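S.K.: Pasting start.cif here (mmCIF, C-alpha atoms):
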```
data_structure
#
loop_
_atom_site.label_atom_id
_atom_site.label_comp_id
_atom_site.auth_asym_id
_atom_site.auth_seq_id
_atom_site.Cartn_x
_atom_site.Cartn_y
_atom_site.Cartn_z
CA MET L 301 10.81 -26.30 1.43
CA THR L 302 13.97 -24.25 1.04
CA TYR L 303 15.20 -21.13 2.76
CA ASP L 304 17.06 -17.97 1.82
CA ALA L 305 19.40 -16.59 4.47
CA VAL L 306 16.96 -16.61 7.38
CA GLY L 307 15.14 -19.66 8.69
CA GLN L 308 13.44 -22.47 6.84
CA GLY L 309 10.29 -22.34 4.78
CA SER L 310 7.74 -19.56 5.04
CA LEU L 311 7.50 -16.86 7.68
CA ASP L 312 4.87 -17.02 10.40
CA TYR L 313 3.27 -13.59 10.11
CA LEU L 314 1.20 -14.15 13.26
CA PRO L 315 -1.92 -12.72 11.58
CA CYS L 316 -4.20 -10.78 13.89
CA ARG L 317 -7.23 -8.49 13.95
CA TYR L 318 -7.91 -5.26 15.78
CA GLY L 319 -11.27 -4.52 17.36
CA THR L 320 -14.22 -5.15 15.08
CA SER L 321 -12.19 -5.02 11.87
CA LYS L 322 -12.44 -8.15 9.70
CA VAL L 323 -9.07 -7.47 8.09
CA LEU L 324 -6.10 -9.67 9.01
CA PHE L 325 -2.89 -7.73 9.69
CA ARG L 326 0.64 -8.77 10.51
CA GLY L 327 1.22 -9.65 14.14
CA PRO L 328 2.02 -9.94 16.86
CA ARG L 329 -0.98 -7.91 17.98
CA LYS L 330 0.01 -4.68 19.73
CA SER L 331 -1.72 -2.92 22.59
CA LEU L 332 -3.59 0.23 21.67
CA LYS L 333 -3.72 1.45 25.27
CA LYS L 334 -0.18 2.84 25.29
CA PRO L 335 1.01 5.65 22.98
CA TYR L 336 1.69 4.15 19.57
CA ILE L 337 2.44 4.89 15.93
CA ALA L 338 0.10 3.40 13.32
CA PHE L 339 1.17 2.24 9.86
CA PHE L 340 -1.41 1.93 7.08
CA GLY L 341 -0.17 0.29 3.91
CA GLY L 342 0.03 -2.57 1.49
CA THR L 343 2.39 -5.44 0.84
CA GLU L 344 5.51 -3.36 1.55
CA THR L 345 4.28 -2.17 4.95
CA TYR L 346 3.15 -5.71 5.77
CA GLY L 347 6.67 -6.87 4.96
CA LYS L 348 5.96 -9.90 2.82
CA PHE L 349 8.90 -12.33 3.07
CA VAL L 350 10.77 -9.92 5.39
CA ALA L 351 11.40 -10.99 8.99
CA GLU L 352 11.63 -7.40 10.25
CA PRO L 353 9.66 -4.94 8.11
CA PHE L 354 10.27 -1.24 8.59
CA PRO L 355 7.55 -0.76 11.28
CA ASP L 356 9.36 -3.34 13.44
CA LEU L 357 12.71 -1.65 12.83
CA LEU L 358 11.20 1.70 13.79
CA GLU L 359 9.75 0.28 17.00
CA LYS L 360 13.30 -0.60 18.05
CA LYS L 361 14.69 2.79 16.98
CA LEU L 362 11.96 4.86 18.62
CA GLY L 363 11.13 2.75 21.67
CA MET L 364 7.40 3.12 20.97
CA PRO L 365 4.89 0.47 19.83
CA CYS L 366 4.48 0.52 16.07
CA VAL L 367 1.18 -1.03 14.98
CA ASN L 368 1.60 -2.66 11.58
CA LEU L 369 -1.69 -2.31 9.74
CA GLY L 370 -0.19 -3.30 6.44
CA CYS L 371 -2.34 -5.59 4.33
CA THR L 372 -1.08 -7.54 1.31
CA ASN L 373 -2.34 -6.14 -2.00
CA ALA L 374 -4.36 -3.49 -0.17
CA GLY L 375 -5.79 -0.38 -1.70
CA ILE L 376 -7.22 2.65 0.07
CA GLU L 377 -10.54 0.77 0.19
CA VAL L 378 -9.41 -1.29 3.20
CA PHE L 379 -8.70 1.75 5.34
CA ALA L 380 -11.24 4.27 4.08
CA SER L 381 -14.22 1.92 4.45
CA ASP L 382 -13.39 0.44 7.88
CA PRO L 383 -14.47 2.80 10.69
CA HIS L 384 -12.45 0.97 13.34
CA LEU L 385 -9.20 1.41 11.42
CA ALA L 386 -9.83 5.14 11.14
CA GLU L 387 -10.31 5.19 14.92
CA ILE L 388 -6.93 3.46 15.38
CA GLY L 389 -5.34 6.10 13.17
CA ALA L 390 -7.04 8.90 15.09
CA GLY L 391 -5.76 7.44 18.38
CA ALA L 392 -2.14 7.21 17.24
CA LYS L 393 0.52 9.78 18.03
CA VAL L 394 1.38 9.65 14.32
CA THR L 395 -0.11 7.67 11.44
CA VAL L 396 2.09 6.69 8.49
CA ILE L 397 0.10 6.07 5.31
CA GLN L 398 1.84 4.33 2.44
CA VAL L 399 1.01 5.61 -1.04
CA LEU L 400 -1.00 2.74 -2.50
CA SER L 401 -1.86 1.97 -6.11
CA ALA L 402 -5.02 3.51 -7.51
CA GLN L 403 -6.42 0.40 -9.20
CA ASN L 404 -7.29 -1.47 -6.00
CA MET L 405 -10.46 0.39 -5.06
CA SER L 406 -14.06 0.51 -6.22
CA ASN L 407 -14.87 3.33 -8.61
CA ARG L 408 -17.33 4.36 -11.30
CA PHE L 409 -16.05 1.66 -13.65
CA TYR L 410 -15.70 -1.46 -11.50
CA SER L 411 -15.95 -2.77 -7.95
CA VAL L 412 -13.34 -4.65 -5.92
CA HIS L 413 -13.46 -7.01 -2.96
CA PRO L 414 -13.80 -4.92 0.24
CA ARG L 415 -10.85 -6.63 1.98
CA ARG L 416 -8.87 -8.27 -0.83
CA ASN L 417 -8.73 -5.11 -2.88
CA ASP L 418 -6.71 -6.60 -5.74
CA ARG L 419 -9.69 -8.81 -6.65
CA PHE L 420 -11.95 -7.61 -9.45
CA LEU L 421 -15.64 -8.25 -8.72
CA LYS L 422 -17.68 -6.79 -11.57
CA PRO L 423 -17.75 -3.98 -14.14
CA SER L 424 -20.22 -1.15 -14.06
CA GLY L 425 -22.63 -0.55 -16.91
CA LEU L 426 -20.50 2.44 -17.90
CA LEU L 427 -17.36 0.34 -18.35
CA GLU L 428 -19.30 -2.29 -20.30
CA ALA L 429 -20.58 0.45 -22.58
CA ILE L 430 -17.08 1.83 -23.20
CA PHE L 431 -15.56 -1.62 -23.79
CA ARG L 432 -18.33 -3.55 -25.53
CA ASP L 433 -15.71 -5.79 -27.14
CA VAL L 434 -14.41 -7.14 -23.80
CA ASP L 435 -15.67 -10.21 -21.92
CA PHE L 436 -15.26 -9.18 -18.28
CA ALA L 437 -15.98 -12.70 -17.03
CA GLU L 438 -12.38 -13.58 -17.91
CA PHE L 439 -10.87 -11.42 -15.17
CA ASN L 440 -10.32 -12.02 -11.47
CA PHE L 441 -7.63 -9.43 -10.72
CA ASN L 442 -7.57 -5.68 -11.32
CA LYS L 443 -4.11 -5.53 -12.89
CA HIS L 444 -4.98 -8.24 -15.41
CA LEU L 445 -8.18 -6.40 -16.32
CA LEU L 446 -6.56 -2.98 -16.69
CA THR L 447 -3.58 -4.26 -18.65
CA HIS L 448 -5.98 -5.90 -21.11
CA LEU L 449 -8.14 -2.78 -21.45
CA ASN L 450 -5.09 -0.67 -22.18
CA THR L 451 -4.03 -3.14 -24.86
CA VAL L 452 -7.48 -3.16 -26.45
CA SER L 453 -7.66 0.63 -26.69
CA PRO L 454 -5.20 3.07 -25.09
CA GLU L 455 -7.50 5.95 -26.08
CA ARG L 456 -10.58 4.52 -24.37
CA PHE L 457 -8.47 3.38 -21.43
CA ARG L 458 -7.36 6.96 -20.78
CA THR L 459 -10.84 7.67 -19.39
CA VAL L 460 -10.49 4.76 -16.94
CA ARG L 461 -7.04 5.87 -15.81
CA GLU L 462 -8.20 9.45 -15.20
CA GLU L 463 -11.18 8.19 -13.18
CA LEU L 464 -8.91 6.04 -11.01
CA GLN L 465 -6.57 8.94 -10.37
CA SER L 466 -9.40 11.30 -9.47
CA ALA L 467 -11.05 8.70 -7.23
CA TRP L 468 -7.72 8.01 -5.48
CA VAL L 469 -7.25 11.64 -4.50
CA ALA L 470 -10.86 11.90 -3.27
CA ARG L 471 -10.58 8.66 -1.26
CA MET L 472 -7.29 9.77 0.28
CA ARG L 473 -8.82 13.07 1.33
CA HIS L 474 -11.70 11.19 2.89
CA LEU L 475 -9.33 8.94 4.84
CA LEU L 476 -7.08 11.80 5.97
CA GLY L 477 -10.13 13.76 7.09
CA ARG L 478 -10.98 10.96 9.54
CA ILE L 479 -7.51 10.87 11.12
CA THR L 480 -7.28 13.82 13.46
CA GLY L 481 -3.65 13.38 14.52
CA ARG L 482 -0.37 13.89 12.71
CA THR L 483 0.05 12.03 9.43
CA VAL L 484 2.99 11.07 7.23
CA LEU L 485 2.44 10.14 3.59
CA LEU L 486 5.05 7.53 2.61
CA TRP L 487 6.14 6.79 -0.93
CA PHE L 488 7.99 3.46 -0.74
CA GLY L 489 8.80 1.77 -4.00
CA GLU L 490 11.23 1.51 -6.91
CA ALA L 491 9.19 3.75 -9.19
CA ASP L 492 9.96 7.46 -9.40
CA PRO L 493 6.84 9.63 -8.88
CA ASP L 494 8.21 12.14 -11.40
CA ASN L 495 8.56 9.64 -14.26
CA ARG L 496 5.44 7.53 -14.48
CA ASP L 497 4.68 7.25 -18.23
CA ASN L 498 1.27 5.53 -18.31
CA GLY L 499 1.56 4.74 -14.58
CA MET L 500 1.56 0.96 -15.07
CA GLY L 501 4.23 -1.67 -14.66
CA ARG L 502 5.57 -0.73 -11.22
CA ASP L 503 3.70 0.04 -8.02
CA PRO L 504 2.08 2.26 -7.04
CA TRP L 505 0.11 2.19 -10.28
CA PHE L 506 -1.18 5.49 -11.73
CA ILE L 507 0.10 7.71 -8.89
CA THR L 508 1.89 10.87 -10.04
CA ARG L 509 3.80 13.68 -8.37
CA GLU L 510 0.87 16.01 -9.04
CA MET L 511 -1.50 13.71 -7.11
CA ILE L 512 0.83 13.61 -4.13
CA GLU L 513 1.21 17.37 -4.13
CA MET L 514 -2.57 17.75 -4.09
CA LEU L 515 -2.48 16.13 -0.62
CA ARG L 516 0.48 18.09 0.78
CA SER L 517 -1.67 20.56 2.73
CA GLU L 518 -3.66 17.69 4.27
CA VAL L 519 -0.73 15.71 5.73
CA THR L 520 1.92 16.72 8.24
CA GLU L 521 4.90 15.35 6.32
CA ILE L 522 5.70 13.54 3.08
CA VAL L 523 8.58 11.04 3.01
CA GLU L 524 9.85 9.45 -0.19
CA VAL L 525 11.93 6.27 -0.06
CA MET L 526 13.24 4.74 -3.26
CA PRO L 527 15.66 1.86 -2.59
CA SER L 528 19.30 2.58 -3.36
CA GLN L 529 21.21 0.66 -5.99
CA TYR L 530 22.81 -1.33 -3.17
CA ALA L 531 19.39 -2.34 -1.79
CA ARG L 532 18.13 -3.34 -5.22
CA GLU L 533 21.24 -5.41 -5.90
CA GLN L 534 20.61 -7.48 -2.77
CA GLY L 535 17.75 -9.26 -4.51
CA THR L 536 16.22 -11.82 -2.16
CA GLU L 537 19.17 -11.82 0.25
CA GLY L 538 17.82 -12.06 3.80
CA MET L 539 14.25 -12.78 2.71
CA VAL L 540 12.33 -15.79 4.03
CA PHE L 541 10.28 -17.92 1.67
CA SER L 542 9.65 -21.41 0.37
CA GLU L 543 10.89 -22.41 -3.06
CA LEU L 544 7.33 -22.16 -4.38
CA GLU L 545 7.25 -18.53 -3.19
CA ARG L 546 10.52 -17.58 -4.89
CA PRO L 547 8.97 -15.96 -8.01
CA ALA L 548 6.82 -13.71 -5.79
CA ALA L 549 9.73 -12.94 -3.45
CA GLU L 550 11.85 -11.78 -6.36
CA THR L 551 9.36 -8.98 -7.04
CA MET L 552 9.36 -7.69 -3.44
CA LEU L 553 11.53 -5.16 -1.61
CA GLY L 554 14.02 -6.89 0.67
CA PRO L 555 15.46 -6.22 4.14
CA ALA L 556 17.97 -3.64 2.88
CA ALA L 557 15.16 -1.52 1.41
CA HIS L 558 13.21 -1.79 4.66
CA GLN L 559 16.26 -0.62 6.59
CA GLU L 560 16.50 2.41 4.32
CA ALA L 561 12.81 3.16 4.85
CA ALA L 562 13.23 2.98 8.61
CA ALA L 563 16.27 5.25 8.47
CA ALA L 564 14.35 7.84 6.44
CA LEU L 565 11.27 7.75 8.65
CA ALA L 566 12.97 7.65 12.06
CA PRO L 567 13.97 11.35 12.37
CA VAL L 568 10.60 12.51 11.01
CA LEU L 569 8.63 10.33 13.43
CA ARG L 570 10.87 11.23 16.36
CA LYS L 571 10.15 14.91 15.73
CA LEU L 572 6.39 14.41 15.31
CA VAL L 573 6.06 12.18 18.38
CA GLY L 574 7.88 14.85 20.36
CA GLN L 575 5.49 17.52 19.09
CA ALA L 576 2.52 15.31 19.96
CA ALA L 577 3.87 14.82 23.47
CA CYS L 578 4.26 18.58 23.93
CA ALA L 579 0.71 19.15 22.70
CA ASP L 580 -0.61 16.65 25.23
CA THR L 581 1.03 18.40 28.19
#
```
What would you get if you wrote out this structure as structure tokens?
M.R.:
Amino acid sequence: MTYDAVGQGSLDYLPCRYGTSKVLFRGPRKSLKKPYIAFFGGTETYGKFVAEPFPDLLEKKLGMPCVNLGCTNAGIEVFASDPHLAEIGAGAKVTVIQVLSAQNMSNRFYSVHPRRNDRFLKPSGLLEAIFRDVDFAEFNFNKHLLTHLNTVSPERFRTVREELQSAWVARMRHLLGRITGRTVLLWFGEADPDNRDNGMGRDPWFITREMIEMLRSEVTEIVEVMPSQYAREQGTEGMVFSELERPAAETMLGPAAHQEAAAALAPVLRKLVGQAACADT
């Protein structure tokens, strides 16, 4: 084992569950009896290889429990299909929902694992009919599958991409409809939502500015955080991982990016928590 700036070897994420949910989240487990802020998201919210991800930093800034419901490689499927997680969101003063990639959810063309959403399970008959020249038994992960389909036929793949984008918006609306409190939609990644090309290559895959704007009336606030040049130049500085984990760590956002996310979210959450407190009195 080796270390990079903080500690030796891998982080102990203190994995925990909430209520009846079967999903493992980053711990330590927080009480849901006191007023809290909930964070739904993927690998970035979870804070892979980061000792203090942005929900932890915000807990210190705001003095309120921040429940990290980030899940590595998650898609909307995790949150939209789990009734207990929607209840946690509904019980929060504010719920922050990270914009997640569109490929990690079941749709008309293929199904994914209900908890490990990046895992491809099986194609639908419709997808097999469109791509008769593809052996789907070769694929275990969604990104590998979709990259291959796009290579085989960009024209046929356009139908798949449009289905994923449409399904993402519908699934987000379903999730937001079950969270009765204030919500913040968080874009946190290196990609620019205004310049997406084919929407592949950098997370969140397939999400465009137009898709985000379609949800504007259904969320309280939208916050966009794209790491500064300084944060990007830090590389793995301050991250915690074993040498075997280095290749994965080099693709992740580091502590500097998480600090920028916390700085961007703090004033928005402070305002919304204050409004929630006034509404409760």
S.K.: Considering all atoms listed in the file, state which residue in the set L:Tyr336, L:Phe420, L:Phe354, L:Tyr530 is at the smallest distance from L:Glu438.
M.R.: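 The answer is L:Phe420, which sits nearest to L:Glu438.
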S.K.: Can you translate the PyMOL selection byres ((chain L and resi 571) around 12) into the concrete residues it hits in this file, as a list in words?
M.R.: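 When the PyMOL selection byres ((chain L and resi 571) around 12) is applied to the shown file, the picked residues are Leu362, Lys393, Val394, Arg482, Val484, Thr520, Glu521, Leu565, Ala566, Pro567, Val568, Leu569, Arg570, Leu572, Val573, Gly574, Gln575, Ala576, Ala577 and Cys578 of chain L.
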S.K.: Could you name the residues that touch stretch 467-474 of chain L at 12 Å or less, counting all atoms listed in the file, but leaving out those on the same chain fewer than 5 positions away, as a PyMOL selection string?
M.R.: chain L and resi 340+375-383+386+397-410+460-462+479-480+483+485+504-519
S.K.: Rounded to one decimal, what separation in Å do you get between atom CA of L:Leu385 and atom CA of L:Pro365?
M.R.: 16.4 Å
S.K.: Please measure the separation of atom CA of L:Ser310 and atom CA of L:Phe349, giving the value in Å to one decimal.
M.R.: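 Taking atom CA of L:Ser310 as the start and atom CA of L:Phe349 as the end point, the length is 7.6 Å.
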S.K.: Taking the file as I've supplied it (selection: the PyMOL selection byres ((chain L and resi 344) around 12)), which residues are included? Please answer as an MDAnalysis selection string.
M.R.: chainID L and resid 326 339:343 345:350 352:355 368:374 397:401 486:490 503:504 525 549 551:555 557:558 561
S.K.: For atom CA of L:Leu311 and atom CA of L:Glu545, quote the distance in Å rounded to one decimal.
M.R.: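 Spanning atom CA of L:Leu311 to atom CA of L:Glu545 is a straight-line distance of 11.0 Å.
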S.K.: Applying the PyMOL selection byres ((chain L and resi 446) around 12) to the file I just gave you, which residues come out? Please list them as a PyMOL selection string.
M.R.: chain L and resi 402-404+409-410+418+420+423+427+431+434+436+439-445+447-454+456-461+464+498-501+505-506
S.K.: Measuring between only C-alpha atoms, which one of L:Leu357, L:Val412, L:Cys366, L:Ala429 shows the shortest distance to L:Arg329?
M.R.: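 Of all the options, L:Cys366 lies closest to L:Arg329.
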S.K.: Show which residues sit within 10 Å of L:Lys322, as a VMD selection string. Count only C-alpha atoms, and ignore same-chain residues fewer than 3 positions away.
M.R.: chain L and resid 316 to 319 325 378 382 384 415
S.K.: With C-alpha atoms retained, export the selected residues as an mmCIF file, in the frame of the given file.
M.R.:
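So result-v8.cif came out as:
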```
data_model
loop_
_atom_site.group_PDB
_atom_site.id
_atom_site.type_symbol
_atom_site.label_atom_id
_atom_site.label_comp_id
_atom_site.auth_asym_id
_atom_site.auth_seq_id
_atom_site.Cartn_x
_atom_site.Cartn_y
_atom_site.Cartn_z
ATOM 1 C CA CYS L 316 -4.200 -10.780 13.890
ATOM 2 C CA ARG L 317 -7.230 -8.490 13.950
ATOM 3 C CA TYR L 318 -7.910 -5.260 15.780
ATOM 4 C CA GLY L 319 -11.270 -4.520 17.360
ATOM 5 C CA PHE L 325 -2.890 -7.730 9.690
ATOM 6 C CA VAL L 378 -9.410 -1.290 3.200
ATOM 7 C CA ASP L 382 -13.390 0.440 7.880
ATOM 8 C CA HIS L 384 -12.450 0.970 13.340
ATOM 9 C CA ARG L 415 -10.850 -6.630 1.980
#
```
